[in-house]
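The next block is entry.pdb, given as PDB, C-alpha atoms and all ligand atoms.
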```pdb
ATOM      1  CA  MET A   1      -8.390 -12.904 -11.946
ATOM      2  CA  ILE A   2      -5.543 -10.419 -11.322
ATOM      3  CA  PHE A   3      -3.201 -11.412  -8.473
ATOM      4  CA  THR A   4      -0.847  -9.238  -6.416
ATOM      5  CA  SER A   5       1.445 -10.055  -3.486
ATOM      6  CA  ILE A   6       1.036  -6.443  -2.287
ATOM      7  CA  ASN A   7      -0.890  -5.935   0.967
ATOM      8  CA  PHE A   8      -2.523  -2.522   0.492
ATOM      9  CA  ASP A   9      -3.238  -2.204   4.239
ATOM     10  CA  LYS A  10       0.383  -2.670   5.338
ATOM     11  CA  PRO A  11       2.409   0.430   6.368
ATOM     12  CA  GLY A  12       5.839   1.049   4.824
ATOM     13  CA  LYS A  13       7.105   0.640   1.284
ATOM     14  CA  GLN A  14       6.321  -2.362  -0.898
ATOM     15  CA  GLN A  15       7.383  -3.216  -4.421
ATOM     16  CA  GLY A  16       5.495  -5.844  -6.383
ATOM     17  CA  PHE A  17       3.401  -6.571  -9.439
ATOM     18  CA  LEU A  18      -0.135  -6.864 -10.687
ATOM     19  CA  GLN A  19      -0.149 -10.278 -12.349
ATOM     20  CA  VAL A  20      -2.613 -10.646 -15.203
ATOM     21  CA  PRO A  21      -3.214 -14.157 -16.562
ATOM     22  CA  TYR A  22      -2.163 -14.313 -20.199
ATOM     23  CA  SER A  23      -2.081 -17.701 -21.893
ATOM     24  CA  HIS A  24      -0.287 -17.653 -25.241
ATOM     25  CA  ASN A  25       1.491 -19.950 -27.727
ATOM     26  CA  LEU A  26       4.781 -20.150 -25.812
ATOM     27  CA  GLY A  27       3.430 -19.759 -22.256
ATOM     28  CA  GLY A  28       0.331 -21.620 -21.146
ATOM     29  CA  TRP A  29       0.481 -20.427 -17.521
ATOM     30  CA  ALA A  30       2.121 -17.044 -18.183
ATOM     31  CA  ASN A  31       1.299 -13.733 -16.477
ATOM     32  CA  VAL A  32       1.693 -10.152 -17.648
ATOM     33  CA  MET A  33       3.648  -8.571 -14.743
ATOM     34  CA  ILE A  34       2.753  -4.880 -14.181
ATOM     35  CA  PRO A  35       5.171  -3.198 -11.704
ATOM     36  CA  LEU A  36       3.495  -1.585  -8.695
ATOM     37  CA  THR A  37       4.860   0.395  -5.717
ATOM     38  CA  VAL A  38       2.939   1.289  -2.542
ATOM     39  CA  VAL A  39       4.223   3.741   0.082
ATOM     40  CA  SER A  40       2.024   4.049   3.149
ATOM     41  CA  ALA A  41       2.381   5.925   6.445
ATOM     42  CA  GLY A  42      -0.189   7.214   8.919
ATOM     43  CA  LYS A  43      -3.368   9.170   8.263
ATOM     44  CA  GLY A  44      -4.053  10.856   4.947
ATOM     45  CA  PRO A  45      -5.582  10.347   1.529
ATOM     46  CA  THR A  46      -4.910   7.430  -0.804
ATOM     47  CA  VAL A  47      -3.535   8.609  -4.133
ATOM     48  CA  LEU A  48      -3.335   6.344  -7.180
ATOM     49  CA  ILE A  49      -0.685   7.488  -9.703
ATOM     50  CA  LEU A  50      -0.964   5.978 -13.184
ATOM     51  CA  GLY A  51       1.453   6.343 -16.113
ATOM     52  CA  GLY A  52       1.366   4.485 -19.413
ATOM     53  CA  ASN A  53      -2.419   4.191 -19.767
ATOM     54  CA  HIS A  54      -1.313   4.630 -23.372
ATOM     55  CA  GLY A  55       1.975   2.775 -23.801
ATOM     56  CA  ASP A  56       3.730   5.305 -26.039
ATOM     57  CA  GLU A  57       3.335   8.195 -23.558
ATOM     58  CA  TYR A  58       6.544   8.031 -21.516
ATOM     59  CA  GLN A  59       6.489  11.405 -19.699
ATOM     60  CA  GLY A  60       4.294  10.097 -16.881
ATOM     61  CA  GLN A  61       5.962   6.679 -16.832
ATOM     62  CA  ILE A  62       9.380   8.239 -16.236
ATOM     63  CA  ALA A  63       8.065  10.666 -13.579
ATOM     64  CA  ALA A  64       6.263   7.812 -11.774
ATOM     65  CA  MET A  65       9.304   5.486 -11.931
ATOM     66  CA  ASN A  66      11.523   8.233 -10.465
ATOM     67  CA  LEU A  67       9.032   8.985  -7.704
ATOM     68  CA  ALA A  68       8.455   5.294  -6.901
ATOM     69  CA  ARG A  69      12.202   4.798  -6.420
ATOM     70  CA  GLU A  70      12.694   7.971  -4.357
ATOM     71  CA  LEU A  71       9.663   7.947  -2.046
ATOM     72  CA  THR A  72      10.158   6.863   1.557
ATOM     73  CA  PRO A  73       7.380   6.363   4.132
ATOM     74  CA  ASP A  74       8.553   9.328   6.259
ATOM     75  CA  GLN A  75       7.670  11.683   3.332
ATOM     76  CA  VAL A  76       4.108  10.354   3.005
ATOM     77  CA  LYS A  77       0.849  11.177   4.814
ATOM     78  CA  GLY A  78      -1.590   8.423   3.884
ATOM     79  CA  ARG A  79      -0.928   6.082   0.984
ATOM     80  CA  ILE A  80       0.555   6.521  -2.482
ATOM     81  CA  ILE A  81       0.057   3.708  -5.017
ATOM     82  CA  LEU A  82       2.202   4.014  -8.148
ATOM     83  CA  ILE A  83       1.765   2.050 -11.374
ATOM     84  CA  PRO A  84       4.266   3.661 -13.783
ATOM     85  CA  SER A  85       3.356   1.578 -16.870
ATOM     86  CA  LEU A  86      -0.299   0.625 -16.537
ATOM     87  CA  ASN A  87      -0.687  -0.792 -20.033
ATOM     88  CA  PHE A  88       2.613  -2.626 -19.611
ATOM     89  CA  PRO A  89       2.562  -4.640 -22.876
ATOM     90  CA  ALA A  90       1.923  -1.400 -24.800
ATOM     91  CA  ALA A  91       4.713   0.437 -22.934
ATOM     92  CA  ARG A  92       7.183  -2.306 -23.889
ATOM     93  CA  ALA A  93       6.064  -2.063 -27.519
ATOM     94  CA  ALA A  94       5.914   1.786 -27.648
ATOM     95  CA  THR A  95       2.320   1.595 -28.839
ATOM     96  CA  ARG A  96      -0.845   3.413 -27.798
ATOM     97  CA  LEU A  97      -2.896   0.214 -27.822
ATOM     98  CA  SER A  98      -2.079  -3.167 -26.296
ATOM     99  CA  PRO A  99      -0.203  -5.431 -28.729
ATOM    100  CA  LEU A 100      -1.783  -8.455 -26.963
ATOM    101  CA  ASP A 101      -5.430  -7.738 -27.720
ATOM    102  CA  GLY A 102      -5.433  -4.534 -29.813
ATOM    103  CA  MET A 103      -7.446  -2.723 -27.132
ATOM    104  CA  ASN A 104      -7.198   0.902 -25.994
ATOM    105  CA  LEU A 105      -7.139   0.760 -22.159
ATOM    106  CA  ASN A 106      -8.606   4.263 -22.092
ATOM    107  CA  ARG A 107     -11.722   3.017 -23.940
ATOM    108  CA  SER A 108     -12.044  -0.267 -22.025
ATOM    109  CA  PHE A 109     -14.113   0.647 -18.944
ATOM    110  CA  PRO A 110     -16.061  -0.820 -17.186
ATOM    111  CA  GLY A 111     -13.754  -3.733 -18.125
ATOM    112  CA  ASP A 112     -14.186  -7.479 -17.990
ATOM    113  CA  ALA A 113     -12.764  -9.761 -15.252
ATOM    114  CA  GLU A 114     -12.685 -12.707 -17.632
ATOM    115  CA  GLY A 115     -11.904 -10.820 -20.843
ATOM    116  CA  PRO A 116      -8.654 -10.005 -22.634
ATOM    117  CA  VAL A 117      -5.692  -8.565 -20.668
ATOM    118  CA  THR A 118      -6.684  -4.921 -21.213
ATOM    119  CA  GLY A 119     -10.272  -5.546 -20.095
ATOM    120  CA  GLN A 120      -8.990  -7.303 -16.962
ATOM    121  CA  ILE A 121      -6.793  -4.311 -16.065
ATOM    122  CA  ALA A 122      -9.764  -1.939 -16.454
ATOM    123  CA  HIS A 123     -11.982  -4.201 -14.339
ATOM    124  CA  TYR A 124      -9.331  -4.413 -11.574
ATOM    125  CA  LEU A 125      -8.965  -0.638 -11.444
ATOM    126  CA  ARG A 126     -12.740  -0.115 -11.316
ATOM    127  CA  THR A 127     -13.472  -2.740  -8.668
ATOM    128  CA  GLN A 128     -10.266  -2.847  -6.543
ATOM    129  CA  LEU A 129      -8.057   0.251  -6.840
ATOM    130  CA  PHE A 130     -10.526   3.104  -7.473
ATOM    131  CA  PRO A 131     -12.723   2.210  -4.475
ATOM    132  CA  ILE A 132      -9.735   2.468  -2.054
ATOM    133  CA  SER A 133      -8.446   5.726  -3.651
ATOM    134  CA  ASP A 134      -9.398   9.346  -2.900
ATOM    135  CA  VAL A 135      -7.336  10.823  -5.720
ATOM    136  CA  VAL A 136      -6.620   9.324  -9.166
ATOM    137  CA  ILE A 137      -3.772  10.869 -11.214
ATOM    138  CA  ASP A 138      -3.657   9.640 -14.836
ATOM    139  CA  ILE A 139      -0.644  11.148 -16.654
ATOM    140  CA  HIS A 140      -0.977  11.345 -20.433
ATOM    141  CA  SER A 141       0.810  13.054 -23.303
ATOM    142  CA  GLY A 142       0.066  13.090 -27.011
ATOM    143  CA  GLY A 143       2.078   9.893 -27.518
ATOM    144  CA  ARG A 144       3.290   9.363 -31.039
ATOM    145  CA  SER A 145       0.123  10.821 -32.566
ATOM    146  CA  MET A 146      -0.202  14.330 -31.075
ATOM    147  CA  GLU A 147       1.971  17.132 -29.707
ATOM    148  CA  PHE A 148       0.315  19.150 -26.899
ATOM    149  CA  VAL A 149       1.240  22.351 -25.166
ATOM    150  CA  PRO A 150       2.239  20.731 -21.840
ATOM    151  CA  CYS A 151      -0.906  21.114 -19.734
ATOM    152  CA  ALA A 152      -2.975  19.646 -16.945
ATOM    153  CA  HIS A 153      -6.553  19.043 -18.040
ATOM    154  CA  MET A 154      -9.967  17.955 -16.813
ATOM    155  CA  HIS A 155     -13.559  17.175 -17.713
ATOM    156  CA  LEU A 156     -16.288  19.592 -16.668
ATOM    157  CA  VAL A 157     -17.847  17.089 -14.233
ATOM    158  CA  PRO A 158     -21.456  17.931 -13.251
ATOM    159  CA  ASP A 159     -20.885  17.863  -9.444
ATOM    160  CA  ARG A 160     -19.724  21.411  -8.581
ATOM    161  CA  GLU A 161     -17.892  20.427  -5.369
ATOM    162  CA  GLN A 162     -15.969  17.651  -7.160
ATOM    163  CA  ARG A 163     -15.287  20.032 -10.047
ATOM    164  CA  ALA A 164     -13.824  22.662  -7.678
ATOM    165  CA  ARG A 165     -11.497  20.081  -6.072
ATOM    166  CA  MET A 166     -10.364  18.874  -9.497
ATOM    167  CA  PHE A 167      -9.874  22.478 -10.643
ATOM    168  CA  GLY A 168      -7.592  23.245  -7.667
ATOM    169  CA  ALA A 169      -5.508  20.111  -8.262
ATOM    170  CA  MET A 170      -5.285  20.822 -12.006
ATOM    171  CA  LEU A 171      -3.806  24.269 -11.265
ATOM    172  CA  ALA A 172      -1.427  22.735  -8.682
ATOM    173  CA  TRP A 173       0.390  21.028 -11.584
ATOM    174  CA  GLY A 174       1.689  24.560 -12.342
ATOM    175  CA  THR A 175       1.583  24.340 -16.152
ATOM    176  CA  ASP A 176       1.410  27.419 -18.434
ATOM    177  CA  PHE A 177      -1.915  26.166 -19.844
ATOM    178  CA  ALA A 178      -4.824  24.227 -18.374
ATOM    179  CA  PHE A 179      -7.328  22.628 -20.714
ATOM    180  CA  LEU A 180     -10.978  21.588 -20.345
ATOM    181  CA  TYR A 181     -11.732  18.886 -22.875
ATOM    182  CA  ALA A 182     -14.637  16.912 -24.293
ATOM    183  CA  ASP A 183     -14.719  13.248 -25.310
ATOM    184  CA  ILE A 184     -15.251  13.410 -29.051
ATOM    185  CA  ALA A 185     -13.791   9.937 -29.718
ATOM    186  CA  GLY A 186     -15.631   7.252 -27.822
ATOM    187  CA  THR A 187     -16.553   6.185 -24.292
ATOM    188  CA  GLY A 188     -15.098   3.915 -21.601
ATOM    189  CA  LEU A 189     -12.377   6.326 -20.436
ATOM    190  CA  LEU A 190     -10.408   5.674 -17.250
ATOM    191  CA  PRO A 191     -10.842   9.232 -15.830
ATOM    192  CA  VAL A 192     -14.609   9.136 -16.488
ATOM    193  CA  GLU A 193     -14.922   5.899 -14.495
ATOM    194  CA  ALA A 194     -12.940   7.460 -11.605
ATOM    195  CA  GLU A 195     -15.014  10.671 -11.826
ATOM    196  CA  ASN A 196     -18.229   8.644 -11.705
ATOM    197  CA  GLN A 197     -16.949   7.079  -8.471
ATOM    198  CA  GLY A 198     -16.596  10.625  -7.053
ATOM    199  CA  LYS A 199     -12.785  10.723  -7.053
ATOM    200  CA  LEU A 200     -10.604  13.801  -7.321
ATOM    201  CA  VAL A 201      -9.225  13.082 -10.804
ATOM    202  CA  VAL A 202      -6.119  14.818 -12.158
ATOM    203  CA  THR A 203      -5.063  14.284 -15.779
ATOM    204  CA  THR A 204      -2.449  15.817 -18.074
ATOM    205  CA  GLU A 205      -1.253  16.079 -21.645
ATOM    206  CA  LEU A 206       2.474  16.688 -21.150
ATOM    207  CA  GLY A 207       3.697  17.381 -24.677
ATOM    208  CA  GLY A 208       3.870  14.464 -27.076
ATOM    209  CA  GLY A 209       5.746  13.040 -30.021
ATOM    210  CA  GLU A 210       8.725  10.756 -29.511
ATOM    211  CA  ALA A 211      11.443  13.193 -28.372
ATOM    212  CA  ILE A 212      10.695  14.530 -24.876
ATOM    213  CA  PRO A 213      12.503  17.780 -23.970
ATOM    214  CA  ALA A 214      14.158  18.037 -20.531
ATOM    215  CA  SER A 215      11.819  20.938 -19.734
ATOM    216  CA  VAL A 216       8.801  18.611 -20.107
ATOM    217  CA  HIS A 217      10.383  15.997 -17.815
ATOM    218  CA  ARG A 218      10.844  18.810 -15.262
ATOM    219  CA  ILE A 219       7.136  19.764 -15.553
ATOM    220  CA  ALA A 220       6.133  16.108 -15.105
ATOM    221  CA  ARG A 221       8.313  15.672 -12.022
ATOM    222  CA  SER A 222       7.612  19.014 -10.293
ATOM    223  CA  GLY A 223       3.892  19.025 -11.148
ATOM    224  CA  LEU A 224       3.340  15.513  -9.810
ATOM    225  CA  LYS A 225       5.083  16.313  -6.508
ATOM    226  CA  ASN A 226       3.215  19.604  -6.122
ATOM    227  CA  VAL A 227      -0.161  17.922  -6.721
ATOM    228  CA  LEU A 228       0.703  15.306  -4.055
ATOM    229  CA  ILE A 229       1.499  18.102  -1.604
ATOM    230  CA  HIS A 230      -1.698  19.953  -2.651
ATOM    231  CA  VAL A 231      -3.929  16.955  -1.877
ATOM    232  CA  GLY A 232      -2.136  16.348   1.450
ATOM    233  CA  ALA A 233      -0.422  13.028   0.653
ATOM    234  CA  LEU A 234       3.172  14.298   0.594
ATOM    235  CA  LYS A 235       4.946  16.487   3.140
ATOM    236  CA  GLY A 236       6.340  19.795   1.870
ATOM    237  CA  ARG A 237       5.290  23.312   0.943
ATOM    238  CA  GLU A 238       3.028  23.799  -2.051
ATOM    239  CA  GLN A 239       4.462  25.934  -4.861
ATOM    240  CA  THR A 240       2.218  28.298  -6.784
ATOM    241  CA  ARG A 241       2.974  29.993 -10.077
ATOM    242  CA  ALA A 242       2.794  33.334  -8.261
ATOM    243  CA  SER A 243       5.356  32.177  -5.656
ATOM    244  CA  GLN A 244       7.670  31.262  -8.571
ATOM    245  CA  GLY A 245       7.159  34.647 -10.266
ATOM    246  CA  LYS A 246       5.219  33.156 -13.191
ATOM    247  CA  PRO A 247       1.995  34.562 -14.726
ATOM    248  CA  ALA A 248      -1.283  32.783 -13.944
ATOM    249  CA  THR A 249      -2.107  29.587 -15.830
ATOM    250  CA  ILE A 250      -4.040  30.302 -19.046
ATOM    251  CA  LEU A 251      -7.376  28.492 -18.743
ATOM    252  CA  THR A 252      -8.707  27.126 -22.016
ATOM    253  CA  GLN A 253     -11.532  24.883 -23.149
ATOM    254  CA  ALA A 254     -12.510  22.959 -26.267
ATOM    255  CA  LEU A 255     -15.949  21.537 -25.584
ATOM    256  CA  ASN A 256     -17.481  21.781 -29.062
ATOM    257  CA  ARG A 257     -16.960  19.352 -31.924
ATOM    258  CA  GLU A 258     -15.954  22.267 -34.212
ATOM    259  CA  ASP A 259     -12.914  22.939 -31.958
ATOM    260  CA  TYR A 260     -11.431  19.581 -33.061
ATOM    261  CA  LEU A 261     -10.193  19.904 -36.661
ATOM    262  CA  LEU A 262     -10.068  16.646 -38.632
ATOM    263  CA  ALA A 263      -8.231  16.020 -41.900
ATOM    264  CA  PRO A 264     -10.790  16.152 -44.751
ATOM    265  CA  GLU A 265      -8.532  13.939 -46.876
ATOM    266  CA  SER A 266      -5.287  11.963 -46.590
ATOM    267  CA  GLY A 267      -1.920  13.567 -47.289
ATOM    268  CA  VAL A 268       1.004  15.294 -45.592
ATOM    269  CA  PHE A 269       0.127  17.799 -42.859
ATOM    270  CA  GLU A 270       1.953  21.121 -42.621
ATOM    271  CA  VAL A 271       1.158  23.231 -39.563
ATOM    272  CA  CYS A 272       1.540  26.982 -40.113
ATOM    273  CA  VAL A 273       0.843  28.303 -36.596
ATOM    274  CA  ASP A 274       3.104  27.768 -33.569
ATOM    275  CA  LEU A 275       1.826  25.483 -30.842
ATOM    276  CA  GLY A 276       0.267  27.584 -28.066
ATOM    277  CA  ALA A 277      -0.318  30.580 -30.396
ATOM    278  CA  LEU A 278      -3.629  32.459 -30.539
ATOM    279  CA  VAL A 279      -5.595  32.006 -33.770
ATOM    280  CA  LYS A 280      -8.659  33.790 -35.117
ATOM    281  CA  SER A 281     -11.828  32.145 -36.366
ATOM    282  CA  GLY A 282     -11.363  31.587 -40.116
ATOM    283  CA  GLN A 283      -7.550  31.580 -39.891
ATOM    284  CA  VAL A 284      -5.628  28.901 -41.792
ATOM    285  CA  VAL A 285      -3.750  26.750 -39.244
ATOM    286  CA  GLY A 286      -2.294  24.196 -41.676
ATOM    287  CA  PHE A 287      -2.397  22.433 -45.016
ATOM    288  CA  ILE A 288      -2.780  18.892 -46.281
ATOM    289  CA  HIS A 289      -0.396  18.355 -49.199
ATOM    290  CA  HIS A 290      -0.968  15.772 -51.944
ATOM    291  CA  LEU A 291       2.161  13.645 -52.377
ATOM    292  CA  GLU A 292       0.986  12.259 -55.694
ATOM    293  CA  ARG A 293      -0.215  15.609 -57.097
ATOM    294  CA  PRO A 294       2.080  18.373 -55.812
ATOM    295  CA  ASP A 295       0.744  20.578 -58.640
ATOM    296  CA  ARG A 296      -2.649  20.646 -56.872
ATOM    297  CA  ALA A 297      -3.086  23.381 -54.254
ATOM    298  CA  PRO A 298      -2.889  21.918 -50.721
ATOM    299  CA  GLU A 299      -6.137  21.630 -48.745
ATOM    300  CA  ALA A 300      -6.332  24.390 -46.120
ATOM    301  CA  ILE A 301      -7.225  23.497 -42.505
ATOM    302  CA  VAL A 302      -9.248  26.446 -41.203
ATOM    303  CA  ALA A 303      -9.997  27.275 -37.552
ATOM    304  CA  LYS A 304     -13.773  27.340 -37.003
ATOM    305  CA  SER A 305     -13.400  29.171 -33.686
ATOM    306  CA  ALA A 306     -10.920  31.572 -32.063
ATOM    307  CA  GLY A 307      -8.489  30.378 -29.401
ATOM    308  CA  TYR A 308      -5.120  28.781 -28.721
ATOM    309  CA  LEU A 309      -3.619  25.968 -30.799
ATOM    310  CA  ILE A 310      -3.488  23.592 -27.821
ATOM    311  CA  THR A 311      -2.463  20.468 -29.740
ATOM    312  CA  MET A 312      -1.449  19.445 -33.256
ATOM    313  CA  ARG A 313      -0.855  16.203 -35.078
ATOM    314  CA  ALA A 314       2.700  14.914 -34.483
ATOM    315  CA  PRO A 315       3.392  12.783 -37.605
ATOM    316  CA  CYS A 316       3.174  14.646 -40.917
ATOM    317  CA  LEU A 317       1.683  11.676 -42.763
ATOM    318  CA  THR A 318      -2.073  11.927 -42.178
ATOM    319  CA  GLN A 319      -5.107   9.840 -42.980
ATOM    320  CA  GLN A 320      -8.554  11.241 -43.699
ATOM    321  CA  GLY A 321     -10.351  11.744 -40.361
ATOM    322  CA  ASP A 322      -7.196  12.141 -38.236
ATOM    323  CA  CYS A 323      -7.337  15.037 -35.756
ATOM    324  CA  VAL A 324      -4.735  17.559 -36.952
ATOM    325  CA  ALA A 325      -5.391  20.497 -34.594
ATOM    326  CA  VAL A 326      -7.495  21.527 -31.590
ATOM    327  CA  ILE A 327      -8.433  25.156 -30.920
ATOM    328  CA  ALA A 328      -9.172  25.940 -27.253
ATOM    329  CA  LYS A 329     -10.713  29.267 -26.253
ATOM    330  CA  LYS A 330      -9.739  31.216 -23.140
ATOM    331  CA  VAL A 331     -12.147  30.995 -20.184
ATOM    332  CA  THR A 332     -12.245  32.419 -16.668
ATOM    333  CA  PRO A 333     -12.218  30.432 -13.399
ATOM    334  CA  GLN A 334     -15.806  31.631 -12.803
ATOM    335  CA  GLN A 335     -16.907  30.166 -16.165
ATOM    336  CA  VAL A 336     -15.222  26.852 -15.316
ATOM    337  CA  LEU A 337     -16.581  26.538 -11.797
ATOM    338  CA  LYS A 338     -20.162  27.705 -12.478
ATOM    339  CA  ALA A 339     -20.846  26.639 -16.100
TER     340      ALA A 339
HETATM  341 ZN    ZN B 401      -3.027   9.118 -23.563
END
```

Please, can you express the file's structure as structure tokens?
Amino acid sequence: MIFTSINFDKPGKQQGFLQVPYSHNLGGWANVMIPLTVVSAGKGPTVLILGGNHGDEYQGQIAAMNLARELTPDQVKGRIILIPSLNFPAARAATRLSPLDGMNLNRSFPGDAEGPVTGQIAHYLRTQLFPISDVVIDIHSGGRSMEFVPCAHMHLVPDREQRARMFGAMLAWGTDFAFLYADIAGTGLLPVEAENQGKLVVTTELGGGEAIPASVHRIARSGLKNVLIHVGALKGREQTRASQGKPATILTQALNREDYLLAPESGVFEVCVDLGALVKSGQVVGFIHHLERPDRAPEAIVAKSAGYLITMRAPCLTQQGDCVAVIAKKVTPQQVLKA
């Protein structure tokens, strides 16, 4: 049901929209218009760059908008498709979920061609854009709910050859930390669908919260360009951390449920460890305070494993069951590639 005026087979640069039918009270024949840029030239891979899978994560949206404006066909080898604000209604509303149908795009796969707007977007990606792509880059941050150490991350996909390609591209982002994660909160994720189609999938968590430091925008911009060079879609010389005089990326993983610390009760969260710091098993990483009973001792949040505090809850106000901290242990490249 989604229409676009873009011809994906045409060389050169095109700017257009994905048009998703959305009939509502004040617009019977209305469309949701999702901006889309395609830059195509000669032989090379097709790379799909996605920002705003969650609408309140603007790091990737800004990096993709900048790149979409700047890119010219003479810089490209193959085809680069950019959708800066994939869940466009959510991006306009600064929300994680779509305000039109309440759906989380990153839990909506395989999608539904005749379903609500979010389901239609997922279906279009699965059936139209993923099949023509070699590389899928899905740029996330913690949004309004979490603050991450800026990192590239990946799933431990079962296919070792695919895993090795994803591992190389993850490191090409050049972040201080890389993070192997597990899906503890549901199915239907965009990267999983792309992985299942055999794509080289690159994902990130570039900070979070509502104020984005300039340093994080720099990581988003430089990492995205370096990954494009790494996969052979953009001309230029690949930068490594070593060539920039930086120490190697710290590889971490949180694959067990106990690594994800949830609030045992509602209250106000106080973190007491710096983001990115090493913690020991049994160490207190934060407290839940009781607004109505400040005379009661706060509830301690205790690390159940040793590792780095890779992400923490961004808002202080916390509901029972919210994830307040994730502890990721250090691993070696051998453990990642062979596990
Ligand atoms: Zn996200």

Quick one: what's the axis-aligned box for stretch 265-279 of chain A, all listed atoms, 3 Å on every side, centre and edges in Å to one decimal, as JSON?
```
{"center_x": -2.7, "center_y": 22.2, "center_z": -37.7, "size_x": 17.6, "size_y": 26.5, "size_z": 25.2}
```

Residues within 6 Å of ligand ZN 401 (chain B) should be enumerated using only C-alpha atoms and all ligand atoms and returned as a short mmCIF file (atom, residue, chain, number, x, y, z; two decimals) with C-alpha atoms, in the frame of the given file.
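Okay, pocket-v9.cif is ready:
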```
data_model
loop_
_atom_site.label_atom_id
_atom_site.label_comp_id
_atom_site.auth_asym_id
_atom_site.auth_seq_id
_atom_site.Cartn_x
_atom_site.Cartn_y
_atom_site.Cartn_z
CA HIS A 54 -1.31 4.63 -23.37
CA HIS A 140 -0.98 11.34 -20.43
CA SER A 141 0.81 13.05 -23.30
#
```

List every residue of stretch 115-205 of chain A that has an atom at most 12 Å from any atom of stretch 262-272 of chain A, giving for each one its closest atom pair and the distance in Å to one decimal, counting only C-alpha atoms, sorted by chain and then by ascending residue number, as CSV.
```
residue,atom,partner,partner_atom,distance
A:Glu147,CA,A:Val271,CA,11.6
A:Ile184,CA,A:Leu262,CA,11.4
A:Ala185,CA,A:Leu262,CA,11.8
```

Would you save the residues from that selection as a short mmCIF file (atom, residue, chain, number, x, y, z; two decimals), keeping the file's coordinate frame, using C-alpha atoms?
```cif
data_model
loop_
_atom_site.label_atom_id
_atom_site.label_comp_id
_atom_site.auth_asym_id
_atom_site.auth_seq_id
_atom_site.Cartn_x
_atom_site.Cartn_y
_atom_site.Cartn_z
CA GLU A 147 1.97 17.13 -29.71
CA ILE A 184 -15.25 13.41 -29.05
CA ALA A 185 -13.79 9.94 -29.72
#
```

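The smallest atom-to-atom distance between A:Thr37 and any of A:Gly186, A:Gly142, A:Gly16, A:Gly52, using only C-alpha atoms, is found for A:Gly16.
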
Shell of 7 Å around stretch 85-91 of chain A, only C-alpha atoms, local chain residues under 3 positions omitted, as number ranges by chain = A: 34, 50-56, 61, 94-99, 105

| request: Would you kindly translate the PyMOL selection byres (((chain A and resi 252) around 6) and not hetatm) into the concrete residues it picks from this file, as a list of chain:residue names? | output: A:Phe179, A:Leu251, A:Gln253, A:Ala328, A:Lys329, A:Lys330, A:Val331

Identify which of the residues A:Gly44, A:Gly28, A:Pro21, A:Gly282 lies closest to A:Glu114, counting only C-alpha atoms when measuring atom-to-atom distances.
->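 Smallest separation from A:Glu114 among the options: A:Pro21.
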
Check your understanding: Any idea what the distance is between atom CA of A:Gly307 and atom CA of A:Asn226?
Key ->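 So the answer is 28.2 Å.
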
May I have the residues at most 12 Å from (-10.1, 18.2, -51.6) in the file's coordinates, counting only C-alpha atoms, as a PyMOL selection string? chain A and resi 263-267+287-290+293+296-301+320

- Any idea what's packed within 8 Å of A:Ile2, counting only C-alpha atoms, ignoring anything in its chain fewer than 4 positions away? Could you give it as a list of chain:residue names?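 Result of the neighbour search: A:Leu18, A:Gln19, A:Val20, A:Pro21, A:Gln120, A:Ile121, A:Tyr124.
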
Counting all atoms listed in the file, closest pick from A:Arg107, A:Gly236, A:Arg165, A:Pro333 relative to A:Asp134 is A:Arg165

Only C-alpha atoms, as a compact mmCIF listing (two decimals), in the first residue's frame: that is what I want for stretch 3-20 of chain A.
```
# COMPACT_ATOMS: atom_id res chain seq x y z
CA PHE A 3 3.79 4.48 -2.61
CA THR A 4 7.04 6.21 -3.59
CA SER A 5 7.98 8.29 -6.63
CA ILE A 6 11.61 7.16 -6.16
CA ASN A 7 13.03 4.85 -8.85
CA PHE A 8 15.54 2.72 -6.93
CA ASP A 9 17.24 1.58 -10.16
CA LYS A 10 18.00 5.10 -11.43
CA PRO A 11 21.57 6.45 -11.08
CA GLY A 12 22.16 9.87 -9.49
CA LYS A 13 20.57 11.54 -6.49
CA GLN A 14 16.85 11.51 -5.78
CA GLN A 15 14.83 13.05 -2.99
CA GLY A 16 11.31 11.85 -2.30
CA PHE A 17 8.99 10.23 0.20
CA LEU A 18 7.51 6.94 1.27
CA GLN A 19 3.79 7.68 1.32
CA VAL A 20 1.79 5.61 3.79
```
